[in-house]
Amino acid sequence: MRKLVQPQGLPSPFKPTSKAGKSHPHESATRQVQGQARYIDDMPEPQGLLYGAVGISTITHGLITSMDLSAVRSFPGVVDVVTLDDVPGHTDIGAVFEGDPLLADGKVLFQGQPLFAVAATSIDAARKATQLAKVEYESLDACLSVKQARAENKTVRPVHVNLNGDPDTVLASAKNTLKGHASVGGQEHMYLEGQISLAIPEEDDRISVFASSQHPSEVQKLVAEVLDIPLNKVIVDMRRMGGGFGGKESQAAQWSCIAALLASRTGKAVKMRVPRMQDMQATGKRHPFENFYHVAFDDTGLIQAADIDVSGNCGYSPDLSDGIVDRAMFHADNAYFMGDVRVTGHRWMTNTVSHTAFRGFGGPQGMVAAEAMLDGIARKLGEDPLIIRKRNLYQDKARNVTPYGMEVEHNLIGDLIARLEESSHYWKRREEIKAYNAKSQILKKGLALTPLKFGISFTAQHLNQAGALLHIYTDGSLQISHGGTEMGQGLHTKIAQICANEFGIPVEHVEVTSTRTDKVPNTSPTAASSGTDLNGKAAQNACLSIKQRLAEFAAELTGGKAEDVVFDNQQVISGDQSWPFAEFIQKAYFARISLSSTGFYKTPKIYYDRATGTGRPFFYFAYGASVSEVTVDTLTGEYCVNQVDILHDVGNSINPALDKGQIEGGFIQGMGWLTTEELKWDAKGKLISNNPATYKIPAIGDTPPVFNVDLYPRANDEDSIYHSKAVGEPPLMLAISVWCAIKDALSSIGDYKVDPKLDTPATPEKVLMAAMALQQELGA
Amino acid sequence: MISFMLNNTVEQITDEQADTTLLNYLRERRKLTGTKEGCASGDCGACTVVLAELSPKQDKLHYRSVNSCVTMLSALEGKQLITVEHLADGKTLHPVQQAMIDEHGSQCGFCTPGFVMSMFALYHEEKQPDRTEVQHALSGNLCRCTGYRPIIDATLKACGNKQDDQFSRQETQTVQTLTQLQASAEKGLAELFMPTSRDELTRLRQQYPEARLVAGSTDLALEITQQWKTLPQLISLTRVEELLAVVEDDTGLTLGAAVPLTDATDALLRHSPELAELIERFASHPIRNQATLGGNVANASPIGDMPPVLLALDAVIHVDNGSARRQIPAREFFTGYRQTQLGADEWIEAIHFPKRKANSLLRAYKVSKRHEDDISAVCAVFLLELENGVISKLRTGFGGVAATPVSANDAEQQLRGLTLADKHTSQLGQSLLYNAFNPIDDVRATAQYRKLVCQNLWQRLWLEQQGSIDIRVVNHA
Ligand SMILES: Cc1cc2nc3c(=O)[nH]c(=O)nc-3n(C[C@H](O)[C@H](O)[C@H](O)COP(=O)(O)OP(=O)(O)OC[C@H]3O[C@@H](n4cnc5c(N)ncnc54)[C@H](O)[C@@H]3O)c2cc1C
Ligand code: FES
Ligand code: FES
């Protein structure tokens with residue numbers, strides 16, 4: 001077992017009985033492997049259930065001049081057909097800002113936009129009926145790229161700037177400067193379970209909604225607003241998602257609202273399950289970005305100033321784009337101190353689907369700019385990129401303030417890289433690869449180590465709060481509800497481990513319920529990697545308040561002190577008395593002690609002042625680094641990843657197996673984003689990579705044959721839950737080393753003197769084109 | 001009536017529509033919701049189930065993983081359908097399930113039932129798989145959460161220590177039951193016909209001229225699940241004896257049109273071992289378990305992977321309409337975008353691959369964005385006959401570069417008579433192939449990339465003949 005370094009010499013917070021701090025299977029694993037874990041489409045269907053479907057636009061931008069739905073209505077099995085006119089309440093379901101009509105509002109804003117919805121007695125009837133709509137349009141010019149939006153000045157939100165010092169002056173007078181550009185592709189979430197919701201009308205105007213959503217409270221609010229009823233009449237229940245990755249943060253709500261609308265009109269339960277191709281057409285993706293940089297550096301490659309411009313393609317509406325572009329800005333430095341620096345973030349409007357949250361929330365796109373820059377500097381100086389990267393890392397005392405004015409405390413990155421450099425034999429392999437490339441005519445190997453520093457907290461301060469509700473029943477079993485949602489990441493498992501740890505009982509004695517808006521109200525989305533940080537603390541807080549009551553009771557019985565009472569090993573111990581936990585709970589019940597409590601948590605220390613573009617938006621940073629080795633075929637551009645070594649910082653791991661799962665899974669997902677996952681729209685704005693046959697996420701053969709993942713042995717210095725660190729998003733960005741390794745392989749063609757221009761995703765085609773461009777440049 | 005075993009019980013289906021997919025049957029009709037729908041297009045594997053069928057000698061069971069979302073009910077006839085709900089033996093999980101838990105192979109769990117079923121089918125293969133074989137067996141299952149490492153480990157672990165499970169213990173019983181099912185006279189449904197002979201097929205085609213033919217259904221089902229078409233009548237070819245023959249003789253290999261690719265692989269590789277990579281990268285393992293050569297050729301997609309092979313090997317397509325048989329050279333078969341010489345009343349009976357010359361050299365290359373289970377951006381197949389190092393004959397087939405599968409006629413002519421080892425042969429071939437076609441830009445690649453790849457694949461072939469230089473990022477078989 002690795003030896004953890006604890007801050008301030010704290011002892012390990014984990015008790016052996018609870019299995020906290022140990023690898024423990026996912027709470028649903030046994031059910032998942034038997035097909036017994038229920039997703040919404042697997043729930044027993046309510047009597048008289050109707051099935052929903054939507055009809056979508058076939059043009060990209062324009063006015064709807066007529067919509068004849070008579071054939072849809074008369075299709076056998078169809079019970080109801082609705083358009084925006086049938087919405088009794090709010091018609092806009094924008095998450096943060098207005099701009100997202102539930103169904104098209106007389107205008108088409110992107111191709112694939114839902115225009116109307118149908119409820120029918122079978123899913124087949126509902127879907128087939130939608131094909132019979134006769135819709136006429138008057139097409140308008142569409143804005144289809146960041147470039148065009150820039151030229152036409154179309155934005156969904158105003159520009160925002162972080163400025164530190166005077167980069168213009170430094171850049172103007174610097175000896176070495178470099179300008180560059182990187183197009184960064186978007187990414188389809190491809191959660192294996194598509195968007196789905198089941199709405200069940202209850203008495204009067206009340207309604208229950210089962211939603212595959214990362215944000216049940218927002219679904220509750222929007223359903224209430226659409227139906228024009230108060231929030232207390234809507235209950236949203238969310239047991240598990242078949243993957244979310246951000247795609248079900250804001251954009252799951254639409255399907256629930258449509259189901260609820262149809263249900264409230266028909267008085268029947270309605271299930272809205274979106275077919276894969278529509279899901280891919282009608283829901284937002286990771287934002288494509290265009291990033292530009294201008295950097296000044298000294299002869300050793302030390303960055304003196306940088307002017308970085310990140311431009312998010314937001315699609316037709318704001319959705320969450322403000323926060324996403326902010327986070328891209330907050331990560332355009334990655335782990336590097338850039339001296340005098342300006343980071344500008346644009347939010348461009350295009351007639352594509354509204355791009356949305358995706359693991360990393362803009363951070364990855366920003367980080368690619370930083371790494372592109374570092375590669376560029378290294379090549380210009382003829383140095384190994386790792387040397388330049390290390391030279392520019394944030395330091396402890398000086399050179400430790402980010403472009404947004406936050407001091408980087410408890411910086412682990414230097415030591416972390418040093419360890420990984422050694423364990424991955426970076427320098428030995430570098431020599432071997434150079435020797436190989438010198439001899440190999442067609443195949444070229446590449447190696448890259450990239451660091452990661454990712455800020456943890458929602459950048460919207462109010463979201464950094466969480467609630468929990470804990471009950472202890474008279475047999476000593478616990479039931480905990482909290483505001484976070486389970487999408488595979490293992491949040492519920494960790495919450496159960498936390499509760500078990502607090503009471504010193506086996507984790508099996510803790511049941512985590514589905515996430516319900518009537519158990520824990522006003523919750524934040526499960527996003528920003530914050531699930532365990534926020535909800536774990538809230539759950540612990542609930543545990544502590546019951547423990548306090550129990551401890552006082554025990555002390556009363558023994559005449560001891562409440563603060564000396566110990567909960568461990570399934571015992572409640574006060575002085576030399578002890579009771580089995582379940583027995584003690586019975587005693588407490590008879591003594592009329594409340595065995596139920598809420599818990600609450602809000603993250604300390606964080607703030608951000610938009611006016612000045614400065615603050616401390618993050619409670620702490622999570623660190624990591626990865627080394628990737630690739631082989632590239634310069635005849636076809638095909639490549640493979642031979643080996644990956646990762647060292648990642650999760651603080652005190654509450655569950656090492658689950659954390660490792662997040663790291664590996666995040667890495668492969670990031671690798672897909674940067675390599676084979678290519679979103680393509682045709683010239684008219686239609687998404688043509690609209691199914692898994694044309695949009696290729698990594699398959700099993702893409703997993704590197706050598707894949708070493710280790711956890712960095714140090715507890716979080718901040719007071720997070722058990723001094724652990726968030727792990728949901730950060731590992732995705734470790735995959736940037738794959739992109740850099742491909743560039744490294746290509747760079748060998750020019751004896752490592754030229755930085756190949758390689759936009760992402762680096763498909764075999766792009767790699768071949770980059771190789772050829774390089775050969776031409778050298779030949780010329 | 002379709003008779004089969006659903007897990008351990010014998011069942012009959014009598015009243016389903018012809019175009020009901022197996023996945024919808026399970027989830028909607030039988031409320032067996034353990035099997036998931038992730039895409040309904042055969043791409044994700046969440047819907048994987050296993051069909052156990054009698055071995056050719058009828059004494060054992062063969063376990064075949066299939067994508068239930070693109071499987072028609074006719075595929076069930078006489079087989080045991082095993083679903084994820086049934087793997088555990090009472091409270092004891094199947095070893096593949098237990099290994100998935102122990103290795104933390106599930107996160108969101110939505111892909112898990114599908115993986116478990118693919119693992120289960122592999123568990124019942126005779127040999128103990130290595131990592132590569134595990135990847136092949138699971139090539140049709142996507143997981144968006146785990147990054148696959150724990151799933152690979154779980155599979156290696158479970159299959160590294162195989163023990164009898166409830167299925168092997170009941171094998172004799174199951175074989176008996178399935179044998180009895182074969183006796184039942186009536187097969188198929190009211191509008192899902194399952195002829196077993198040429199005569200029967202002929203009659204059905206005359207009687208139901210509107211009925212669509214279906215073999216492995218891996219293309220056809222997409223019309224139902226993706227385009228939401230209604231296909232009221234289907235004639236399944238998978239039991240027609242004449243379409244199932246595999247004949248290897250002095251003239252070459254004649255492969256029945258309705259033989260699933262998995263079952264045809266051995267014979268194909270005996271004929272042309274160089275096809276190993278292309279076959280391995282044709283769709284995914286569960287798709288190949290159903291997809292047929294006949295379907296691939298009849299579908300006439302310009303991006304199909306077998307037509308280029310047929311072109312390069314000068315294969316001959318045997319077609320039939322029940323009264324007259326014709327033999328059409330592959331080179332004349334594809335007439336336009338998704339158009340062939342096949343008459344409205346005809347079907348493909350078999351494909352004949354003439355015997356290879358001893359001095360022939362075959363190369364079949366597939367270039368796609370993703371290595372596994374992807375459609376070719378370019379598929380290129382070259383057959384060279386060599387005499388003393390001189391190219392005496394060159395045959396080619398390409399996919400992804402034109403509206404039909406095509407040959408590079410100019411290159412075939414102009415490279416003939418040249419010494420393969422000459423640098424000039426490489427250069428001339430490259431420029432001929434770069435200019436051979438006018439491909440289009442689409443979601444998979446640009447026209448320019450396709451042209452370059454055609455050119456460079458010739459260079460690859462040429463370099464491969466130069467001896468020991470590293471040329472492939474992934475090595476095959
Ligand atoms: C996920 C996935 C991946 C795929 N990957 C590939 C790939 O990598 N390469 C590739 O080439 N293809 C691929 N395909 C396409 C498909 O699997 C193949 O084309 C397959 O060979 C079709 O055979 P089938 O038996 O399933 O055809 P079916 O779907 O049964 O039939 C296809 C068409 O051919 C007709 N037909 C079938 N048999 C005959 C016959 N004997 N005579 C006359 N007409 C007939 C049918 O009426 C139908 O119109 C993929 C498909 C899927 C779903
Ligand atoms: S549901 Fe995706 S392959 Fe069948
Ligand atoms: S565990 Fe979520 S898709 Fe595999």
# chains A, B, ... in the order shown; residues from 1 in each chain; ligands from 1

call {"tool": "closest_atom_pairs", "arguments": {"of": "chain B", "to": "chain A", "cutoff": "7 Å", "atoms": "only C-alpha atoms", "output": "Markdown table"}}
result
| residue | atom | partner | partner_atom | distance |
| --- | --- | --- | --- | --- |
| B:Thr33 | CA | A:Asp42 | CA | 5.4 |
| B:Gly34 | CA | A:Gly35 | CA | 3.8 |
| B:Thr35 | CA | A:Gly35 | CA | 6.6 |
| B:Gly38 | CA | A:Leu192 | CA | 5.3 |
| B:Cys39 | CA | A:Arg276 | CA | 5.4 |
| B:Asp43 | CA | A:Pro692 | CA | 6.0 |
| B:Val84 | CA | A:Gln34 | CA | 5.7 |
| B:Glu85 | CA | A:Gln34 | CA | 5.4 |
| B:Gln97 | CA | A:Val33 | CA | 5.5 |
| B:Ile101 | CA | A:Ala29 | CA | 5.8 |
| B:His104 | CA | A:Pro25 | CA | 6.1 |
| B:Ser106 | CA | A:Ala29 | CA | 6.4 |
| B:Gln107 | CA | A:Gly488 | CA | 4.2 |
| B:Cys108 | CA | A:Gly488 | CA | 3.3 |
| B:Gly109 | CA | A:Gln32 | CA | 5.3 |
| B:Phe110 | CA | A:Gly242 | CA | 5.0 |
| B:Cys111 | CA | A:Leu192 | CA | 6.7 |
| B:Thr112 | CA | A:Val33 | CA | 5.9 |
| B:Pro113 | CA | A:Gly35 | CA | 5.6 |
| B:Val116 | CA | A:Val33 | CA | 6.7 |
| B:Gln135 | CA | A:Gly701 | CA | 5.9 |
| B:Leu138 | CA | A:Ile700 | CA | 7.0 |
| B:Ser139 | CA | A:Ile700 | CA | 6.1 |
| B:Leu142 | CA | A:Ala699 | CA | 5.8 |
| B:Arg144 | CA | A:Tyr191 | CA | 6.5 |
| B:Cys145 | CA | A:Gly665 | CA | 5.1 |
| B:Thr146 | CA | A:Gly665 | CA | 4.2 |
| B:Gly147 | CA | A:Gly665 | CA | 4.2 |
| B:Tyr148 | CA | A:Ile700 | CA | 5.8 |
| B:Arg149 | CA | A:Thr703 | CA | 6.7 |
| B:Trp228 | CA | A:Lys128 | CA | 6.4 |
| B:Lys369 | CA | A:Thr676 | CA | 5.8 |
| B:Arg370 | CA | A:Thr676 | CA | 6.2 |
| B:Glu372 | CA | A:Ala699 | CA | 6.6 |
| B:Asp374 | CA | A:Ala693 | CA | 7.0 |
| B:Val443 | CA | A:Ile688 | CA | 6.2 |
| B:Arg444 | CA | A:Thr694 | CA | 7.0 |
| B:Tyr449 | CA | A:Glu765 | CA | 6.2 |
| B:Val453 | CA | A:Thr636 | CA | 5.9 |
| B:Asn456 | CA | A:Leu635 | CA | 5.6 |
| B:Asp470 | CA | A:Leu443 | CA | 6.4 |
| B:Ile471 | CA | A:Ile442 | CA | 6.1 |
| B:Arg472 | CA | A:Asp633 | CA | 6.7 |
| B:Val473 | CA | A:Tyr639 | CA | 6.0 |

call {"tool": "select_by_dssp", "arguments": {"residues": "stretch 23-123 of chain B", "states": "strand (DSSP E)", "output": "MDAnalysis selection string"}}
result
chainID B and resid 48:54 61:67 80:82

call {"tool": "residues_around", "arguments": {"residues": "A:Ser264", "least_positions_apart": "6", "cutoff": "12 Å", "atoms": "only C-alpha atoms", "output": "ChimeraX atom specification"}}
result
/A:50,80,82,86-88,119,199-209,223-224,226-229,234,256-258,270

call {"tool": "select_by_dssp", "arguments": {"residues": "stretch 28-194 of chain B", "states": "helix (DSSP H, G or I)", "output": "PyMOL selection string"}}
result
chain B and resi 28-29+68-70+73-76+84-86+95-102+112-123+131-137+149-159+166-169+171-183

call {"tool": "residues_around", "arguments": {"residues": "stretch 292-306 of chain B", "least_positions_apart": "6", "cutoff": "7 Å", "atoms": "only C-alpha atoms", "output": "ChimeraX atom specification"}}
result
/B:215-216,257-261,282,334,338-340,348,375-376,379,399-400,402-405

call {"tool": "write_last_selection", "arguments": {"atoms": "C-alpha atoms", "output": "compact mmCIF listing (two decimals), in the first residue's frame"}}
result
# COMPACT_ATOMS: atom_id res chain seq x y z
CA ALA B 215 -29.61 -12.84 -44.46
CA GLY B 216 -27.65 -11.63 -41.42
CA ALA B 257 -23.98 -16.44 -49.87
CA ALA B 258 -25.73 -16.92 -46.52
CA VAL B 259 -22.80 -18.26 -44.52
CA PRO B 260 -22.06 -15.86 -41.66
CA LEU B 261 -18.60 -14.34 -42.00
CA PHE B 282 -14.74 -6.06 -40.83
CA PHE B 334 -21.56 -3.42 -59.65
CA ARG B 338 -25.92 0.65 -54.88
CA GLN B 339 -26.91 -0.93 -58.18
CA THR B 340 -25.98 -4.35 -59.41
CA ILE B 348 -27.00 -14.41 -54.83
CA ILE B 375 -16.21 1.70 -41.94
CA SER B 376 -13.32 2.14 -44.36
CA CYS B 379 -10.21 -0.17 -48.58
CA GLY B 399 -13.76 0.80 -51.62
CA GLY B 400 -14.50 4.34 -50.53
CA ALA B 402 -16.15 5.97 -56.07
CA ALA B 403 -19.90 5.38 -56.27
CA THR B 404 -19.25 1.65 -56.57
CA PRO B 405 -16.51 -0.74 -55.57

call {"tool": "residues_around", "arguments": {"residues": "A:Asn351", "least_positions_apart": "4", "cutoff": "8 Å", "atoms": "only C-alpha atoms", "output": "ChimeraX atom specification"}}
result
/A:60-61,109-111,142-144,315-316,685

call {"tool": "write_last_selection", "arguments": {"atoms": "all heavy atoms", "output": "short mmCIF file (atom, residue, chain, number, x, y, z; two decimals), in the first residue's frame"}}
result
data_model
loop_
_atom_site.label_atom_id
_atom_site.label_comp_id
_atom_site.auth_asym_id
_atom_site.auth_seq_id
_atom_site.Cartn_x
_atom_site.Cartn_y
_atom_site.Cartn_z
N THR A 60 -31.29 24.75 -41.24
CA THR A 60 -30.34 25.18 -40.22
C THR A 60 -30.75 26.50 -39.56
O THR A 60 -30.54 26.71 -38.38
CB THR A 60 -28.94 25.31 -40.85
OG1 THR A 60 -28.63 24.05 -41.43
CG2 THR A 60 -27.89 25.66 -39.83
N HIS A 61 -31.31 27.39 -40.33
CA HIS A 61 -31.70 28.68 -39.78
C HIS A 61 -32.83 29.22 -40.66
O HIS A 61 -32.71 29.21 -41.88
CB HIS A 61 -30.50 29.65 -39.82
CG HIS A 61 -30.77 30.96 -39.15
ND1 HIS A 61 -30.15 32.12 -39.51
CD2 HIS A 61 -31.61 31.28 -38.14
CE1 HIS A 61 -30.57 33.12 -38.74
NE2 HIS A 61 -31.46 32.63 -37.90
N LEU A 109 -33.33 27.57 -35.26
CA LEU A 109 -32.02 28.13 -34.90
C LEU A 109 -30.87 27.18 -35.21
O LEU A 109 -29.72 27.59 -35.25
CB LEU A 109 -32.02 28.50 -33.43
CG LEU A 109 -33.09 29.54 -33.06
CD1 LEU A 109 -33.23 29.68 -31.55
CD2 LEU A 109 -32.76 30.89 -33.69
N PHE A 110 -31.20 25.92 -35.40
CA PHE A 110 -30.17 24.95 -35.80
C PHE A 110 -30.85 23.73 -36.39
O PHE A 110 -32.04 23.48 -36.14
CB PHE A 110 -29.28 24.53 -34.62
CG PHE A 110 -29.97 23.65 -33.60
CD1 PHE A 110 -29.77 22.28 -33.60
CD2 PHE A 110 -30.80 24.20 -32.64
CE1 PHE A 110 -30.41 21.47 -32.65
CE2 PHE A 110 -31.44 23.40 -31.70
CZ PHE A 110 -31.24 22.03 -31.70
N GLN A 111 -30.11 22.99 -37.18
CA GLN A 111 -30.70 21.80 -37.81
C GLN A 111 -30.76 20.67 -36.79
O GLN A 111 -29.76 20.31 -36.19
CB GLN A 111 -29.88 21.37 -39.02
CG GLN A 111 -30.60 20.33 -39.81
CD GLN A 111 -30.25 20.29 -41.28
OE1 GLN A 111 -30.63 19.38 -41.95
NE2 GLN A 111 -29.54 21.27 -41.80
N ALA A 142 -27.15 31.23 -42.51
CA ALA A 142 -26.75 30.61 -41.24
C ALA A 142 -25.31 30.98 -40.93
O ALA A 142 -24.48 31.15 -41.82
CB ALA A 142 -26.89 29.10 -41.35
N CYS A 143 -25.05 31.11 -39.65
CA CYS A 143 -23.68 31.37 -39.19
C CYS A 143 -23.12 30.03 -38.72
O CYS A 143 -23.66 29.41 -37.80
CB CYS A 143 -23.71 32.38 -38.05
SG CYS A 143 -22.07 32.75 -37.43
N LEU A 144 -22.05 29.57 -39.36
CA LEU A 144 -21.65 28.18 -39.12
C LEU A 144 -20.25 28.01 -38.54
O LEU A 144 -19.79 26.89 -38.35
CB LEU A 144 -21.75 27.39 -40.44
CG LEU A 144 -23.18 27.21 -40.95
CD1 LEU A 144 -23.19 26.54 -42.31
CD2 LEU A 144 -24.03 26.43 -39.96
N GLY A 315 -22.79 27.70 -30.19
CA GLY A 315 -24.07 27.30 -30.75
C GLY A 315 -25.07 28.43 -30.65
O GLY A 315 -24.69 29.59 -30.45
N TYR A 316 -26.35 28.09 -30.74
CA TYR A 316 -27.35 29.14 -30.92
C TYR A 316 -27.73 29.88 -29.65
O TYR A 316 -28.36 30.94 -29.73
CB TYR A 316 -28.61 28.54 -31.58
CG TYR A 316 -29.45 27.72 -30.62
CD1 TYR A 316 -30.45 28.31 -29.86
CD2 TYR A 316 -29.22 26.36 -30.48
CE1 TYR A 316 -31.21 27.56 -28.97
CE2 TYR A 316 -29.98 25.61 -29.58
CZ TYR A 316 -30.97 26.22 -28.83
OH TYR A 316 -31.69 25.49 -27.95
N GLY A 685 -24.80 23.02 -42.62
CA GLY A 685 -25.01 23.07 -41.18
C GLY A 685 -25.67 21.85 -40.60
O GLY A 685 -26.11 21.85 -39.45
#

call {"tool": "residues_around", "arguments": {"residues": "A:Met338", "least_positions_apart": "3", "cutoff": "7 Å", "atoms": "only C-alpha atoms", "output": "list in words"}}
result
Ile303, Gln304, Ala305, Ala306 and Val341 of chain A

call {"tool": "closest_residue", "arguments": {"among": "B:Asp410, B:Asp164, B:Glu277, B:Asp373", "to": "ligand 2", "atoms": "only C-alpha atoms and all ligand atoms"}}
result
B:Asp373

call {"tool": "residues_around", "arguments": {"residues": "A:Val520", "least_positions_apart": "5", "cutoff": "9 Å", "atoms": "only C-alpha atoms", "output": "compact mmCIF listing (two decimals) with all heavy atoms, in the first residue's frame"}}
result
# COMPACT_ATOMS: atom_id res chain seq x y z
N ALA A 466 -24.36 22.03 -0.74
CA ALA A 466 -24.98 20.71 -0.88
C ALA A 466 -25.74 20.35 0.37
O ALA A 466 -25.47 20.87 1.45
CB ALA A 466 -23.91 19.66 -1.15
N GLY A 467 -26.69 19.46 0.18
CA GLY A 467 -27.48 19.00 1.31
C GLY A 467 -27.56 17.49 1.35
O GLY A 467 -27.29 16.81 0.36
N ALA A 468 -27.92 16.98 2.53
CA ALA A 468 -28.09 15.54 2.68
C ALA A 468 -29.17 15.28 3.71
O ALA A 468 -29.53 16.17 4.49
CB ALA A 468 -26.77 14.90 3.13
N LEU A 469 -29.68 14.10 3.69
CA LEU A 469 -30.71 13.71 4.65
C LEU A 469 -30.41 12.28 5.09
O LEU A 469 -30.37 11.37 4.27
CB LEU A 469 -32.09 13.77 3.99
CG LEU A 469 -33.28 13.28 4.81
CD1 LEU A 469 -33.46 14.13 6.07
CD2 LEU A 469 -34.56 13.30 3.97
N SER A 481 -29.77 10.18 1.81
CA SER A 481 -30.07 10.84 0.54
C SER A 481 -29.18 12.06 0.46
O SER A 481 -28.88 12.68 1.49
CB SER A 481 -31.52 11.30 0.49
OG SER A 481 -32.38 10.23 0.77
N HIS A 482 -28.78 12.41 -0.74
CA HIS A 482 -27.98 13.62 -0.87
C HIS A 482 -28.28 14.23 -2.23
O HIS A 482 -29.02 13.66 -3.04
CB HIS A 482 -26.48 13.30 -0.72
CG HIS A 482 -25.97 12.32 -1.73
ND1 HIS A 482 -25.41 12.72 -2.91
CD2 HIS A 482 -25.97 10.97 -1.75
CE1 HIS A 482 -25.07 11.64 -3.62
NE2 HIS A 482 -25.41 10.57 -2.94
N GLY A 483 -27.70 15.38 -2.47
CA GLY A 483 -28.07 16.11 -3.67
C GLY A 483 -27.36 15.66 -4.93
O GLY A 483 -27.71 16.10 -6.03
N THR A 515 -31.72 10.06 -5.96
CA THR A 515 -31.67 11.50 -5.70
C THR A 515 -33.07 12.05 -5.91
O THR A 515 -33.62 11.91 -7.01
CB THR A 515 -30.67 12.16 -6.65
OG1 THR A 515 -29.47 11.40 -6.63
CG2 THR A 515 -30.40 13.60 -6.25
N THR A 598 -30.74 16.38 8.69
CA THR A 598 -30.23 16.90 7.44
C THR A 598 -28.76 17.23 7.62
O THR A 598 -28.25 17.28 8.74
CB THR A 598 -30.96 18.19 7.02
OG1 THR A 598 -30.80 19.14 8.08
CG2 THR A 598 -32.43 17.93 6.77

call {"tool": "closest_residue", "arguments": {"among": "B:Ala445, B:Leu26, B:Ala276, B:Ile152", "to": "B:Ala364", "atoms": "only C-alpha atoms"}}
result
B:Ala276

call {"tool": "closest_residue", "arguments": {"among": "B:Ser407, B:Ser41, B:Ser55, B:Thr20", "to": "ligand 2", "atoms": "only C-alpha atoms and all ligand atoms"}}
result
B:Ser41
